[in-house]
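See below for query37.cif, which holds mmCIF, C-alpha atoms.
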```cif
data_protein
#
loop_
_atom_site.group_PDB
_atom_site.id
_atom_site.type_symbol
_atom_site.label_atom_id
_atom_site.label_comp_id
_atom_site.auth_asym_id
_atom_site.auth_seq_id
_atom_site.Cartn_x
_atom_site.Cartn_y
_atom_site.Cartn_z
ATOM 1 C CA MET A 1 60.978 -18.076 21.065
ATOM 2 C CA LEU A 2 60.238 -16.877 17.518
ATOM 3 C CA PHE A 3 57.818 -19.786 17.032
ATOM 4 C CA HIS A 4 56.007 -18.855 20.240
ATOM 5 C CA PHE A 5 55.724 -15.204 19.135
ATOM 6 C CA ASN A 6 54.328 -16.174 15.721
ATOM 7 C CA PHE A 7 51.834 -18.503 17.377
ATOM 8 C CA LEU A 8 50.617 -15.732 19.687
ATOM 9 C CA LYS A 9 50.390 -13.334 16.762
ATOM 10 C CA ARG A 10 48.247 -15.782 14.774
ATOM 11 C CA LYS A 11 46.094 -16.393 17.826
ATOM 12 C CA ILE A 12 45.532 -12.656 18.311
ATOM 13 C CA ASN A 13 44.687 -12.202 14.621
ATOM 14 C CA LEU A 14 42.234 -15.107 14.811
ATOM 15 C CA HIS A 15 40.625 -13.575 17.895
ATOM 16 C CA GLN A 16 40.295 -10.216 16.116
ATOM 17 C CA ALA A 17 38.758 -11.909 13.081
ATOM 18 C CA ILE A 18 36.193 -13.725 15.241
ATOM 19 C CA CYS A 19 35.293 -10.473 17.003
ATOM 20 C CA ALA A 20 34.886 -8.753 13.660
ATOM 21 C CA VAL A 21 32.559 -11.497 12.406
ATOM 22 C CA ILE A 22 30.491 -11.275 15.594
ATOM 23 C CA LEU A 23 30.319 -7.485 15.286
ATOM 24 C CA ILE A 24 29.198 -7.650 11.644
ATOM 25 C CA ALA A 25 26.622 -10.326 12.447
ATOM 26 C CA THR A 26 25.272 -8.230 15.307
ATOM 27 C CA CYS A 27 25.001 -5.161 13.103
ATOM 28 C CA CYS A 28 23.289 -7.155 10.382
ATOM 29 C CA PHE A 29 20.810 -8.580 12.892
ATOM 30 C CA LYS A 30 20.027 -5.076 14.104
ATOM 31 C CA MET A 31 19.513 -3.918 10.533
ATOM 32 C CA VAL A 32 17.152 -6.824 9.858
ATOM 33 C CA SER A 33 15.185 -6.303 13.065
ATOM 34 C CA ALA A 34 15.124 -2.496 12.825
ATOM 35 C CA ALA A 35 12.682 -2.249 9.948
ATOM 36 C CA VAL A 36 9.293 -0.845 9.101
ATOM 37 C CA VAL A 37 7.115 -3.769 8.000
ATOM 38 C CA THR A 38 3.995 -3.042 5.953
ATOM 39 C CA SER A 39 1.208 -5.368 4.933
ATOM 40 C CA ILE A 40 0.971 -4.255 1.307
ATOM 41 C CA ARG A 41 3.074 -2.471 -1.251
ATOM 42 C CA PRO A 42 1.379 0.983 -1.330
ATOM 43 C CA LEU A 43 1.814 1.308 2.430
ATOM 44 C CA GLY A 44 5.443 0.358 1.851
ATOM 45 C CA PHE A 45 5.693 3.198 -0.684
ATOM 46 C CA ILE A 46 4.588 5.693 1.963
ATOM 47 C CA ALA A 47 6.874 4.178 4.591
ATOM 48 C CA GLU A 48 9.847 4.351 2.202
ATOM 49 C CA ALA A 49 9.281 8.083 1.724
ATOM 50 C CA ILE A 50 9.332 8.776 5.456
ATOM 51 C CA SER A 51 11.985 6.296 6.612
ATOM 52 C CA ASP A 52 14.409 6.998 3.755
ATOM 53 C CA GLY A 53 17.942 7.148 5.155
ATOM 54 C CA VAL A 54 16.752 6.069 8.608
ATOM 55 C CA MET A 55 15.321 2.554 8.445
ATOM 56 C CA PRO A 56 14.620 -0.079 5.750
ATOM 57 C CA VAL A 57 11.118 -1.164 4.749
ATOM 58 C CA LYS A 58 9.804 -4.694 4.185
ATOM 59 C CA VAL A 59 6.498 -5.518 2.488
ATOM 60 C CA LEU A 60 4.791 -8.776 3.466
ATOM 61 C CA LEU A 61 2.402 -9.318 0.546
ATOM 62 C CA PRO A 62 4.284 -10.693 -2.497
ATOM 63 C CA ILE A 63 3.709 -9.194 -5.933
ATOM 64 C CA GLY A 64 0.753 -10.873 -7.626
ATOM 65 C CA SER A 65 -0.960 -11.880 -4.370
ATOM 66 C CA SER A 66 -4.133 -10.428 -2.906
ATOM 67 C CA PRO A 67 -4.481 -9.147 0.671
ATOM 68 C CA HIS A 68 -7.948 -10.701 0.740
ATOM 69 C CA ASP A 69 -6.722 -14.317 0.799
ATOM 70 C CA TYR A 70 -2.960 -14.320 1.538
ATOM 71 C CA ALA A 71 -1.436 -16.808 4.009
ATOM 72 C CA LEU A 72 1.683 -15.825 5.978
ATOM 73 C CA ARG A 73 4.960 -17.697 5.494
ATOM 74 C CA PRO A 74 7.432 -18.480 8.331
ATOM 75 C CA SER A 75 9.704 -15.682 7.074
ATOM 76 C CA ASP A 76 6.771 -13.264 7.345
ATOM 77 C CA ILE A 77 6.211 -14.237 10.978
ATOM 78 C CA GLN A 78 9.900 -13.643 11.675
ATOM 79 C CA ALA A 79 9.749 -10.220 10.009
ATOM 80 C CA ILE A 80 6.699 -9.284 12.089
ATOM 81 C CA ASN A 81 8.342 -10.352 15.338
ATOM 82 C CA ASN A 82 11.564 -8.486 14.527
ATOM 83 C CA ALA A 83 9.934 -5.295 13.212
ATOM 84 C CA SER A 84 10.429 -1.930 14.856
ATOM 85 C CA LEU A 85 7.098 -0.760 13.424
ATOM 86 C CA ILE A 86 4.249 -2.515 11.576
ATOM 87 C CA VAL A 87 1.827 -0.627 9.337
ATOM 88 C CA TRP A 88 -1.461 -2.173 8.174
ATOM 89 C CA VAL A 89 -5.064 -1.182 7.448
ATOM 90 C CA ASP A 90 -7.138 -3.487 9.652
ATOM 91 C CA PRO A 91 -8.502 -7.069 9.904
ATOM 92 C CA THR A 92 -11.207 -6.485 7.292
ATOM 93 C CA MET A 93 -8.526 -5.784 4.682
ATOM 94 C CA GLU A 94 -5.621 -8.000 5.810
ATOM 95 C CA ALA A 95 -7.262 -10.889 7.666
ATOM 96 C CA PHE A 96 -3.946 -12.772 7.493
ATOM 97 C CA LEU A 97 -2.451 -10.312 9.999
ATOM 98 C CA ALA A 98 -5.256 -10.200 12.548
ATOM 99 C CA LYS A 99 -4.026 -12.977 14.840
ATOM 100 C CA PRO A 100 -0.228 -12.428 14.490
ATOM 101 C CA LEU A 101 -0.607 -8.753 15.430
ATOM 102 C CA GLU A 102 -2.635 -9.450 18.582
ATOM 103 C CA SER A 103 0.588 -9.980 20.530
ATOM 104 C CA ILE A 104 2.382 -6.930 19.072
ATOM 105 C CA PRO A 105 2.446 -3.917 21.450
ATOM 106 C CA VAL A 106 0.293 -0.953 20.434
ATOM 107 C CA ASN A 107 3.324 1.334 20.193
ATOM 108 C CA LYS A 108 4.886 -0.970 17.568
ATOM 109 C CA LYS A 109 2.005 -0.983 15.090
ATOM 110 C CA ILE A 110 -0.157 1.479 13.207
ATOM 111 C CA THR A 111 -3.685 0.265 12.462
ATOM 112 C CA ILE A 112 -4.707 2.872 9.920
ATOM 113 C CA SER A 113 -8.479 2.450 10.113
ATOM 114 C CA GLN A 114 -8.376 3.110 13.866
ATOM 115 C CA LEU A 115 -6.660 6.490 13.599
ATOM 116 C CA PRO A 116 -9.201 9.144 14.693
ATOM 117 C CA GLU A 117 -8.209 11.520 11.901
ATOM 118 C CA VAL A 118 -8.754 8.728 9.349
ATOM 119 C CA GLN A 119 -12.095 7.540 10.734
ATOM 120 C CA SER A 120 -13.701 10.883 9.934
ATOM 121 C CA LEU A 121 -12.754 10.374 6.258
ATOM 122 C CA LEU A 122 -14.047 6.816 5.801
ATOM 123 C CA ILE A 123 -16.589 6.231 3.041
ATOM 124 C CA SER A 124 -19.023 3.419 2.417
ATOM 125 C CA SER A 125 -17.797 0.479 0.388
ATOM 126 C CA GLN A 126 -21.022 0.325 -1.589
ATOM 127 C CA ASP A 127 -21.998 3.844 -2.576
ATOM 128 C CA SER A 128 -18.985 6.002 -1.627
ATOM 129 C CA VAL A 129 -20.937 8.189 0.771
ATOM 130 C CA HIS A 130 -20.555 8.578 4.506
ATOM 131 C CA HIS A 131 -22.116 5.736 6.432
ATOM 132 C CA GLU A 132 -23.005 5.019 10.038
ATOM 133 C CA HIS A 133 -20.069 3.353 11.708
ATOM 134 C CA ARG A 134 -20.189 -0.316 10.796
ATOM 135 C CA ALA A 135 -16.704 -1.514 9.878
ATOM 136 C CA ASN A 136 -17.841 -4.032 7.242
ATOM 137 C CA PHE A 137 -19.525 -1.266 5.255
ATOM 138 C CA TYR A 138 -16.433 0.891 4.949
ATOM 139 C CA ASN A 139 -14.127 0.935 1.962
ATOM 140 C CA MET A 140 -10.763 -0.064 3.438
ATOM 141 C CA HIS A 141 -8.617 0.644 0.369
ATOM 142 C CA LEU A 142 -7.393 3.670 2.294
ATOM 143 C CA TRP A 143 -4.065 4.097 0.484
ATOM 144 C CA LEU A 144 -6.004 5.157 -2.634
ATOM 145 C CA SER A 145 -6.886 8.416 -0.893
ATOM 146 C CA PRO A 146 -4.037 10.946 -1.215
ATOM 147 C CA GLU A 147 -5.444 12.722 1.843
ATOM 148 C CA ILE A 148 -5.363 9.578 3.961
ATOM 149 C CA GLY A 149 -1.974 8.742 2.449
ATOM 150 C CA THR A 150 -0.650 11.942 3.989
ATOM 151 C CA LEU A 151 -2.152 11.035 7.369
ATOM 152 C CA ILE A 152 -0.442 7.641 7.156
ATOM 153 C CA ALA A 153 2.865 9.403 6.427
ATOM 154 C CA ILE A 154 2.390 11.713 9.420
ATOM 155 C CA ASN A 155 1.743 8.793 11.753
ATOM 156 C CA ILE A 156 4.741 6.835 10.479
ATOM 157 C CA HIS A 157 6.852 9.951 11.003
ATOM 158 C CA ARG A 158 5.527 10.314 14.563
ATOM 159 C CA GLN A 159 6.305 6.705 15.483
ATOM 160 C CA LEU A 160 9.763 6.681 13.887
ATOM 161 C CA LEU A 161 10.596 9.890 15.722
ATOM 162 C CA LYS A 162 9.916 8.098 19.007
ATOM 163 C CA LEU A 163 12.119 5.195 17.930
ATOM 164 C CA ASN A 164 14.904 7.326 16.419
ATOM 165 C CA PRO A 165 14.928 10.780 18.050
ATOM 166 C CA ASN A 166 18.479 11.380 16.797
ATOM 167 C CA ASP A 167 17.162 11.219 13.221
ATOM 168 C CA LYS A 168 14.629 14.012 13.725
ATOM 169 C CA LYS A 169 16.162 16.302 11.106
ATOM 170 C CA ARG A 170 16.089 13.614 8.404
ATOM 171 C CA LEU A 171 12.587 12.435 9.329
ATOM 172 C CA ASP A 172 11.231 15.994 9.331
ATOM 173 C CA GLU A 173 12.807 16.638 5.944
ATOM 174 C CA ASN A 174 11.344 13.398 4.545
ATOM 175 C CA LEU A 175 7.842 14.292 5.699
ATOM 176 C CA LYS A 176 8.118 17.813 4.315
ATOM 177 C CA ASN A 177 9.243 16.467 0.934
ATOM 178 C CA PHE A 178 6.392 13.949 0.935
ATOM 179 C CA LYS A 179 3.783 16.658 1.502
ATOM 180 C CA ASN A 180 5.279 18.939 -1.144
ATOM 181 C CA GLN A 181 5.470 16.172 -3.737
ATOM 182 C CA LYS A 182 1.951 15.039 -2.921
ATOM 183 C CA ASP A 183 0.520 18.507 -3.588
ATOM 184 C CA LYS A 184 2.295 18.705 -6.947
ATOM 185 C CA THR A 185 1.223 15.184 -7.883
ATOM 186 C CA ILE A 186 -2.434 15.836 -7.022
ATOM 187 C CA GLN A 187 -2.480 18.908 -9.240
ATOM 188 C CA LYS A 188 -0.866 17.004 -12.099
ATOM 189 C CA ILE A 189 -3.393 14.171 -11.804
ATOM 190 C CA ALA A 190 -6.331 16.584 -11.578
ATOM 191 C CA ASN A 191 -5.233 18.209 -14.839
ATOM 192 C CA MET A 192 -4.774 14.822 -16.505
ATOM 193 C CA LEU A 193 -8.147 13.364 -15.527
ATOM 194 C CA TYR A 194 -10.266 16.492 -15.942
ATOM 195 C CA PRO A 195 -11.093 15.829 -19.647
ATOM 196 C CA VAL A 196 -12.358 12.267 -18.880
ATOM 197 C CA ARG A 197 -14.051 12.909 -15.552
ATOM 198 C CA LYS A 198 -17.591 12.470 -16.939
ATOM 199 C CA LYS A 199 -16.964 9.249 -18.873
ATOM 200 C CA GLY A 200 -18.601 6.178 -17.340
ATOM 201 C CA TYR A 201 -16.832 2.898 -16.581
ATOM 202 C CA PHE A 202 -16.975 -0.277 -14.510
ATOM 203 C CA VAL A 203 -14.214 -1.557 -12.225
ATOM 204 C CA PHE A 204 -13.607 -5.163 -11.260
ATOM 205 C CA HIS A 205 -14.133 -4.706 -7.532
ATOM 206 C CA ASP A 206 -15.220 -1.945 -5.188
ATOM 207 C CA ALA A 207 -11.820 -0.493 -4.319
ATOM 208 C CA TYR A 208 -11.425 2.920 -5.888
ATOM 209 C CA GLY A 209 -13.990 5.120 -4.130
ATOM 210 C CA TYR A 210 -11.439 7.397 -2.445
ATOM 211 C CA PHE A 211 -9.502 8.004 -5.641
ATOM 212 C CA GLU A 212 -12.682 8.549 -7.664
ATOM 213 C CA LYS A 213 -14.018 11.003 -5.105
ATOM 214 C CA GLN A 214 -10.745 12.944 -5.033
ATOM 215 C CA PHE A 215 -10.744 13.457 -8.810
ATOM 216 C CA ASN A 216 -14.513 13.608 -9.481
ATOM 217 C CA LEU A 217 -14.588 10.533 -11.731
ATOM 218 C CA SER A 218 -17.806 8.851 -12.913
ATOM 219 C CA PRO A 219 -17.865 5.136 -12.028
ATOM 220 C CA LEU A 220 -21.033 3.263 -13.019
ATOM 221 C CA GLY A 221 -20.373 0.343 -10.711
ATOM 222 C CA TYR A 222 -18.258 -2.699 -9.988
ATOM 223 C CA PHE A 223 -18.394 -6.401 -10.762
ATOM 224 C CA THR A 224 -18.014 -7.630 -7.194
ATOM 225 C CA LEU A 225 -17.483 -6.428 -3.612
ATOM 226 C CA ASN A 226 -15.156 -9.336 -2.884
ATOM 227 C CA PRO A 227 -12.643 -10.069 -5.679
ATOM 228 C CA SER A 228 -12.437 -13.731 -4.663
ATOM 229 C CA ILE A 229 -16.166 -14.169 -5.426
ATOM 230 C CA GLN A 230 -17.405 -14.112 -9.004
ATOM 231 C CA PRO A 231 -20.355 -11.765 -9.719
ATOM 232 C CA GLY A 232 -23.812 -13.338 -9.978
ATOM 233 C CA ALA A 233 -25.940 -13.662 -13.110
ATOM 234 C CA GLU A 234 -28.239 -10.774 -12.133
ATOM 235 C CA ARG A 235 -25.291 -8.455 -11.583
ATOM 236 C CA LEU A 236 -23.762 -9.429 -14.934
ATOM 237 C CA HIS A 237 -27.068 -8.804 -16.708
ATOM 238 C CA GLN A 238 -27.267 -5.302 -15.225
ATOM 239 C CA ILE A 239 -23.720 -4.498 -16.355
ATOM 240 C CA LYS A 240 -24.295 -5.929 -19.839
ATOM 241 C CA SER A 241 -27.404 -3.784 -20.242
ATOM 242 C CA GLN A 242 -25.475 -0.627 -19.407
ATOM 243 C CA LEU A 243 -22.649 -1.595 -21.737
ATOM 244 C CA THR A 244 -25.112 -2.190 -24.558
ATOM 245 C CA ALA A 245 -26.773 1.151 -23.842
ATOM 246 C CA LYS A 246 -23.361 2.788 -24.297
ATOM 247 C CA LYS A 247 -23.346 4.228 -20.802
ATOM 248 C CA ALA A 248 -19.780 3.011 -20.234
ATOM 249 C CA VAL A 249 -16.686 3.496 -22.367
ATOM 250 C CA CYS A 250 -14.384 1.178 -20.402
ATOM 251 C CA ILE A 251 -14.303 -1.804 -18.069
ATOM 252 C CA PHE A 252 -11.271 -2.343 -15.854
ATOM 253 C CA ALA A 253 -9.721 -5.607 -14.706
ATOM 254 C CA GLU A 254 -6.811 -5.916 -12.237
ATOM 255 C CA PRO A 255 -3.406 -7.632 -12.575
ATOM 256 C CA GLN A 256 -4.131 -10.242 -9.885
ATOM 257 C CA PHE A 257 -7.748 -10.802 -11.014
ATOM 258 C CA LYS A 258 -8.493 -11.191 -14.717
ATOM 259 C CA PRO A 259 -11.773 -13.096 -14.885
ATOM 260 C CA ALA A 260 -12.842 -14.213 -18.347
ATOM 261 C CA VAL A 261 -16.276 -12.747 -17.639
ATOM 262 C CA ILE A 262 -14.929 -9.214 -18.270
ATOM 263 C CA ASN A 263 -13.809 -10.078 -21.787
ATOM 264 C CA ALA A 264 -17.068 -11.902 -22.428
ATOM 265 C CA LEU A 265 -19.123 -8.867 -21.401
ATOM 266 C CA ALA A 266 -17.114 -6.551 -23.636
ATOM 267 C CA GLN A 267 -17.656 -8.687 -26.739
ATOM 268 C CA GLY A 268 -20.058 -7.180 -29.228
ATOM 269 C CA THR A 269 -19.770 -3.684 -27.750
ATOM 270 C CA ALA A 270 -17.565 -0.679 -28.376
ATOM 271 C CA VAL A 271 -16.413 -0.754 -24.771
ATOM 272 C CA ARG A 272 -12.664 -0.777 -24.211
ATOM 273 C CA SER A 273 -10.879 -2.917 -21.627
ATOM 274 C CA GLY A 274 -8.223 -1.589 -19.266
ATOM 275 C CA VAL A 275 -6.314 -2.705 -16.193
ATOM 276 C CA LEU A 276 -6.101 -0.837 -12.894
ATOM 277 C CA ASP A 277 -3.377 -1.847 -10.469
ATOM 278 C CA PRO A 278 -4.425 -0.820 -6.924
ATOM 279 C CA LEU A 279 -1.252 -2.316 -5.423
ATOM 280 C CA GLY A 280 1.416 -0.815 -7.687
ATOM 281 C CA SER A 281 2.948 -4.193 -8.455
ATOM 282 C CA LYS A 282 5.360 -2.900 -11.113
ATOM 283 C CA ILE A 283 6.658 0.108 -9.204
ATOM 284 C CA PRO A 284 10.106 -0.238 -7.573
ATOM 285 C CA MET A 285 10.341 0.523 -3.853
ATOM 286 C CA ASN A 286 11.939 3.892 -3.106
ATOM 287 C CA LYS A 287 11.152 7.273 -1.558
ATOM 288 C CA ASP A 288 9.275 8.460 -4.667
ATOM 289 C CA SER A 289 7.172 5.315 -5.145
ATOM 290 C CA TYR A 290 3.876 6.566 -3.712
ATOM 291 C CA MET A 291 3.726 9.534 -6.081
ATOM 292 C CA LYS A 292 4.653 7.277 -9.008
ATOM 293 C CA PHE A 293 1.926 4.887 -7.886
ATOM 294 C CA LEU A 294 -0.755 7.592 -7.923
ATOM 295 C CA LEU A 295 0.435 8.865 -11.309
ATOM 296 C CA GLU A 296 0.520 5.378 -12.836
ATOM 297 C CA LEU A 297 -2.988 4.617 -11.610
ATOM 298 C CA SER A 298 -4.151 7.916 -13.125
ATOM 299 C CA MET A 299 -2.564 7.058 -16.463
ATOM 300 C CA GLN A 300 -4.285 3.661 -16.397
ATOM 301 C CA TYR A 301 -7.624 5.440 -16.040
ATOM 302 C CA TYR A 302 -6.826 8.027 -18.693
ATOM 303 C CA ALA A 303 -5.542 5.521 -21.276
ATOM 304 C CA CYS A 304 -8.853 3.664 -21.318
ATOM 305 C CA LEU A 305 -11.242 6.582 -20.865
ATOM 306 C CA LYS A 306 -9.772 9.108 -23.310
#
```

Take the structure in this file and express it as structure tokens.
Amino acid sequence: MLFHFNFLKRKINLHQAICAVILIATCCFKMVSAAVVTSIRPLGFIAEAISDGVMPVKVLLPIGSSPHDYALRPSDIQAINNASLIVWVDPTMEAFLAKPLESIPVNKKITISQLPEVQSLLISSQDSVHHEHRANFYNMHLWLSPEIGTLIAINIHRQLLKLNPNDKKRLDENLKNFKNQKDKTIQKIANMLYPVRKKGYFVFHDAYGYFEKQFNLSPLGYFTLNPSIQPGAERLHQIKSQLTAKKAVCIFAEPQFKPAVINALAQGTAVRSGVLDPLGSKIPMNKDSYMKFLLELSMQYYACLK
């Protein structure tokens, strides 16, 4: 009788243990699937600020890679399929997401370039002025605009509110904090960059128009429109002439693209070399990351231009 009782007790304990494992596994699966997935790191920074305490964030593009030529891995496909919300710019920026996102419902993704409030703020990729609507002519580095960054935050907030109405108080608080911190950060950056706003420079590729417009900087040009394509001889001659004429004080490379041509052009001139990181590769992911990203980019400008 005692043996039978002990056997039943062990059986019950085993059953409880199995149930507990199943429950934990189910919860973990829900945590993995209930995530905001972003194409690139700066969009992840914004998502982290809004979803903090509500939902985790996963960034697809690995550190050191470029959105212009990235190829998805099987784990990326799984993350996309399991995501509660996907945030990206559009096919002209992240071509690797164009096909996978075709099957994702509209209410589960935010295509930033298609937001009406963003479209009115788009600038040309070539001369940073408003252009007739032709998508290939627009600068799609939209996260470099603090104004558009706020619009992205608002849209993430709106979508997460639909998914998690019980978290309204936390989501509202997160958005309010984001806006307040953004205003303070913009003022701090404006003060920092004001003394160097009239100093000329070249950037590696045409990415920074929104940031430069926001803070009235004085870019002289860029090496290439597409960072995967080296600039031609005529373009290099034009840049070299301006460097020799002392019209520029700095030329900027990028962490993921450091062509030897930049160092070669700088030789024999007083021009300094700097590095701009438009993806914030060294910034940890948390609710304050976007503001740190903007400040770090500003310091990268200032360090070379001062």

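Proximity to Lys168 in chain A was assessed for A:Thr244, A:Ser51, A:Ser39, A:Thr269 counting all atoms listed in the file; the smallest distance is recorded for A:Ser51.
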
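Across the structure, CA of Tyr290 in chain A and CA of Ala98 in chain A are spaced 25.1 Å apart.
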
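Pairwise distance (CA of Tyr210 in chain A, CA of Asn139 in chain A) equals 8.3 Å.
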
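For the residues A:Leu276, A:Leu163, A:Ile154, A:Val54, ranking by smallest atom-to-atom distance to Glu117 in chain A using only C-alpha atoms places A:Ile154 first.
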
Extract, using only C-alpha atoms, all DNA, RNA and protein residues at most 10 Å from Leu220 in chain A, discarding same-chain residues fewer than 2 positions from it, and format them as a PyMOL selection string.
chain A and resi 199-203+217-218+222+239+242+247-248+251

message = the PyMOL selection byres ((chain A and resi 178-187) around 9) - which residues does that actually catch in the file I just gave you? List them as number ranges by chain.
response = A: 46, 49-50, 146, 150, 153, 173-177, 188-192, 215, 287-288, 290-292, 294-295

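If you apply the PyMOL selection byres ((chain A and resi 253) around 7) to this structure, you end up with Val203, Phe204, Ile251, Phe252, Glu254, Pro255, Phe257, Lys258, Gly274, Val275 and Leu276 of chain A.
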
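With CA of Pro219 in chain A on one side and CA of Trp88 in chain A on the other, the separation reads 27.0 Å.
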
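Closest to Ser66 in chain A among A:Val37, A:Asp277, A:Leu297, A:Leu243 is A:Asp277, based on only C-alpha atoms.
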
Counting all atoms listed in the file, closest pick from A:Leu72, A:Pro56, A:Arg170, A:Ser145 relative to His157 in chain A is A:Arg170
